[in-house]
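Chemist: Structure supplied as upload.txt; contents: compact mmCIF, C-alpha atoms.
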# COMPACT_ATOMS: atom_id res chain seq x y z
CA MET Z 1 52.71 126.79 88.05
CA ILE Z 2 53.78 126.53 84.43
CA LYS Z 3 57.46 127.28 84.05
CA PRO Z 4 58.44 129.03 80.81
CA LEU Z 5 61.01 126.48 79.70
CA SER Z 6 58.79 123.50 80.51
CA LEU Z 7 56.04 125.01 78.37
CA LEU Z 8 58.64 125.45 75.63
CA ASN Z 9 59.62 121.81 76.13
CA GLN Z 10 56.05 120.77 75.37
CA ARG Z 11 56.25 122.60 72.04
CA ILE Z 12 59.24 120.59 70.78
CA ASN Z 13 58.64 119.44 67.19
CA SER Z 14 55.68 121.75 66.67
CA ASN Z 15 55.33 125.00 64.77
CA VAL Z 16 56.17 128.13 66.71
CA MET Z 17 56.28 131.84 65.99
CA VAL Z 18 59.25 133.71 67.44
CA GLU Z 19 59.27 137.50 67.74
CA LEU Z 20 62.71 139.07 67.98
CA LYS Z 21 64.03 142.51 68.78
CA GLY Z 22 64.40 144.80 65.77
CA GLY Z 23 61.11 143.84 64.11
CA ARG Z 24 62.32 140.43 62.99
CA GLY Z 25 60.31 137.27 63.33
CA TYR Z 26 60.69 133.57 62.64
CA ARG Z 27 58.21 130.82 62.10
CA GLY Z 28 59.33 127.20 62.09
CA ILE Z 29 59.40 123.83 63.80
CA LEU Z 30 61.04 124.03 67.23
CA GLU Z 31 63.65 121.27 67.33
CA GLY Z 32 65.31 122.26 70.57
CA PHE Z 33 66.44 124.97 72.95
CA ASP Z 34 68.78 125.50 75.87
CA PRO Z 35 68.56 127.44 79.16
CA HIS Z 36 69.59 130.69 77.36
CA MET Z 37 66.50 130.27 75.15
CA ASN Z 38 68.78 129.73 72.15
CA LEU Z 39 66.52 127.93 69.68
CA VAL Z 40 66.92 125.41 66.89
CA LEU Z 41 64.29 125.93 64.19
CA ARG Z 42 63.73 123.60 61.24
CA ALA Z 43 62.05 124.82 58.02
CA ALA Z 44 62.27 128.36 59.29
CA GLU Z 45 60.85 131.39 57.54
CA GLU Z 46 62.20 134.80 58.43
CA THR Z 47 60.03 137.89 58.40
CA GLN Z 48 61.04 141.52 58.81
CA ASP Z 49 58.19 143.90 59.71
CA SER Z 50 55.70 141.16 58.68
CA GLN Z 51 57.26 140.83 55.17
CA SER Z 52 58.64 137.39 54.31
CA GLN Z 53 62.41 137.58 53.82
CA ARG Z 54 63.93 134.13 53.32
CA LYS Z 55 63.51 130.45 54.11
CA MET Z 56 66.10 128.28 55.82
CA ASP Z 57 66.30 124.50 56.33
CA LEU Z 58 67.83 124.96 59.77
CA ALA Z 59 68.55 127.99 61.88
CA ILE Z 60 69.92 128.65 65.36
CA VAL Z 61 68.38 131.73 66.96
CA ARG Z 62 70.37 133.27 69.79
CA GLY Z 63 68.24 133.60 72.90
CA ASP Z 64 69.07 137.18 73.82
CA ASN Z 65 67.15 138.44 70.75
CA VAL Z 66 63.91 136.73 71.71
CA ILE Z 67 60.94 138.83 72.85
CA TYR Z 68 58.38 136.04 72.86
CA ILE Z 69 57.69 132.57 71.46
CA SER Z 70 54.15 131.57 70.65
CA PRO Z 71 52.74 128.21 69.52
CA MET C 1 66.81 119.69 82.88
CA ALA C 2 64.70 118.52 79.96
CA ALA C 3 64.59 114.97 81.31
CA ALA C 4 63.09 116.17 84.56
CA GLU C 5 60.46 118.22 82.78
CA GLY C 6 58.86 115.88 80.34
CA GLY C 7 61.24 113.31 78.95
CA ASN C 8 61.56 114.77 75.46
CA VAL C 9 65.30 114.89 75.89
CA LEU C 10 65.98 112.29 73.19
CA LEU C 11 64.15 114.38 70.60
CA MET C 12 65.71 117.66 71.65
CA VAL C 13 68.36 119.18 69.36
CA MET C 14 70.54 121.44 71.47
CA PRO C 15 71.65 124.65 69.73
CA LEU C 16 75.34 124.19 70.48
CA ASN C 17 75.19 120.60 69.16
CA VAL C 18 74.11 122.04 65.81
CA LEU C 19 77.19 124.29 65.94
CA GLU C 20 79.37 121.28 66.76
CA LYS C 21 78.05 119.52 63.66
CA SER C 22 78.79 122.61 61.58
CA ILE C 23 82.52 122.61 62.38
CA ASN C 24 84.59 122.95 59.19
CA LYS C 25 81.47 123.79 57.23
CA ARG C 26 80.32 127.15 55.94
CA VAL C 27 77.80 129.02 58.03
CA GLN C 28 75.92 132.25 57.46
CA LEU C 29 75.52 134.54 60.45
CA LEU C 30 73.02 137.34 60.74
CA LEU C 31 74.25 139.92 63.25
CA LYS C 32 72.29 142.40 65.34
CA ASP C 33 73.32 145.39 63.17
CA ASN C 34 72.02 143.57 60.04
CA ARG C 35 75.51 142.62 58.86
CA ILE C 36 75.81 139.16 57.36
CA LEU C 37 79.00 137.17 57.85
CA GLU C 38 79.59 134.00 55.91
CA GLY C 39 82.62 131.81 56.50
CA LYS C 40 83.97 128.43 57.49
CA LEU C 41 83.35 127.70 61.17
CA VAL C 42 86.57 126.40 62.69
CA GLY C 43 85.74 126.87 66.37
CA TYR C 44 83.26 128.11 68.94
CA ASP C 45 82.75 128.19 72.70
CA ASP C 46 79.88 128.16 75.20
CA TYR C 47 79.40 131.93 74.77
CA MET C 48 78.77 131.32 71.06
CA ASN C 49 82.01 133.18 70.30
CA MET C 50 83.23 131.79 66.99
CA VAL C 51 86.32 131.55 64.82
CA LEU C 52 85.55 131.86 61.12
CA GLU C 53 87.91 131.47 58.17
CA ASP C 54 87.57 132.82 54.61
CA THR C 55 84.93 135.17 55.88
CA GLU C 56 82.87 137.54 53.76
CA GLU C 57 81.04 140.43 55.33
CA THR C 58 77.91 141.78 53.61
CA ARG C 59 76.57 145.11 54.75
CA GLU C 60 73.88 146.92 52.75
CA ASP C 61 74.96 145.08 49.55
CA ASN C 62 78.65 145.89 50.05
CA VAL C 63 80.70 142.70 50.22
CA ARG C 64 84.11 142.73 51.90
CA ARG C 65 86.55 139.87 52.40
CA VAL C 66 87.78 139.83 55.97
CA GLY C 67 89.64 136.49 56.12
CA THR C 68 89.89 134.96 59.60
CA VAL C 69 87.82 136.51 62.37
CA VAL C 70 87.09 135.91 66.03
CA LEU C 71 83.46 136.87 66.46
CA ARG C 72 82.02 137.76 69.86
CA GLY C 73 78.88 135.70 70.36
CA ASN C 74 76.66 138.46 71.73
CA ASN C 75 76.37 140.02 68.25
CA VAL C 76 74.66 136.99 66.74
CA VAL C 77 70.98 136.87 65.84
CA THR C 78 70.86 133.67 63.78
CA ILE C 79 73.22 131.01 62.51
CA VAL C 80 72.31 129.17 59.32
CA PRO C 81 74.46 126.15 58.35
CA LYS C 82 75.02 126.10 54.57
Before we go any further, please render this structure as structure tokens.

Modeler:
Amino acid sequence: MIKPLSLLNQRINSNVMVELKGGRGYRGILEGFDPHMNLVLRAAEETQDSQSQRKMDLAIVRGDNVIYISP
Amino acid sequence: MAAAEGGNVLLMVMPLNVLEKSINKRVQLLLKDNRILEGKLVGYDDYMNMVLEDTEETREDNVRRVGTVVLRGNNVVTIVPK
């Protein structure tokens, strides 16, 4: 069995795409996470309905907004 | 947890540790209703509740000074240290 958080653990320091509720998305390097699926993203780019919004050096994403995370 | 599942624990940056490092610095918060709050982070807890000082609220291009606020963590989407 592959547990969700152990798969996430294997993606540390690689690029991930994060889909959030409300049509928002983030793409960035996954620096860390916790059991709530709160994420730390480095060099993150925010998109809203597939349109690029802004770029951030570092962002914390709160886990309860996450729909899915994809490598 | 992380140590038992792959040993990347030394490389892992925990989200609340980033908040700890942002104490007394300005942070920008995006909230679930698309409000943006920017202020100096003076405290937080495990629920991601936060105390902000000299806070500015931006909502559909309207900026409002709201001073010191206690923010309930469940409203947060992202936290960007400035």

Chemist: Hey, what's within 6 Å of Val61 (chain Z) if we count all atoms listed in the file and toss same-chain stuff fewer than 4 positions away? As a list in words, please?

Modeler: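 Contacts, with the query itself left out: Asn38 and Leu39 of chain Z; Val77 and Thr78 of chain C.
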
Chemist: Could you take the residues named above and write them with C-alpha atoms, as a JSON list (two decimals), keeping the file's coordinate frame?

Modeler:
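So the final result, stored in part.json, reads:
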[["chain", "number", "residue", "atom", "x", "y", "z"],
["Z", 38, "ASN", "CA", 68.78, 129.73, 72.15],
["Z", 39, "LEU", "CA", 66.52, 127.93, 69.68],
["C", 77, "VAL", "CA", 70.98, 136.87, 65.84],
["C", 78, "THR", "CA", 70.86, 133.67, 63.78]]

Chemist: Contacts between chain Z and chain C, please, where a residue of chain C counts if it comes within 7 Å (with only C-alpha atoms); show its shortest atom pair and distance in Å to one decimal, rows by chain and ascending number, as a Markdown table.

Modeler:
| residue | atom | partner | partner_atom | distance |
| --- | --- | --- | --- | --- |
| C:Glu5 | CA | Z:Ser6 | CA | 6.0 |
| C:Met12 | CA | Z:Gly32 | CA | 4.7 |
| C:Val13 | CA | Z:Gly32 | CA | 4.5 |
| C:Met14 | CA | Z:Gly32 | CA | 5.4 |
| C:Pro15 | CA | Z:Val40 | CA | 5.6 |
| C:Val76 | CA | Z:Arg62 | CA | 6.4 |
| C:Val77 | CA | Z:Arg62 | CA | 5.4 |
| C:Thr78 | CA | Z:Val61 | CA | 4.5 |
| C:Ile79 | CA | Z:Ile60 | CA | 5.0 |
| C:Val80 | CA | Z:Ala59 | CA | 4.7 |
| C:Pro81 | CA | Z:Leu58 | CA | 6.9 |

Chemist: Report, in Å with one decimal, the straight-line distance from CA of Asn34 (chain C) to CA of Glu20 (chain C).

Modeler: 24.4 Å

Chemist: Using all atoms listed in the file, which of C:Arg72, C:Asp33, C:Lys82, C:Asp46 sits nearest Thr58 (chain C)?

Modeler: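 The closest residue to Thr58 (chain C) is C:Asp33.
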
Chemist: Would you compute the box with edges along x, y and z of the file around region 4-22 of chain Z, including every atom the file lists for it and 8 Å extra on each side, and give its centre and edge lengths in Å to one decimal, as lines of an AutoDock Vina configuration file?

Modeler:
center_x = 59.9
center_y = 132.1
center_z = 72.8
size_x = 25.1
size_y = 41.4
size_z = 32.0

Chemist: What is the CA of Arg54 (chain Z) to CA of Arg26 (chain C) distance in Å?

Modeler: 18.0 Å
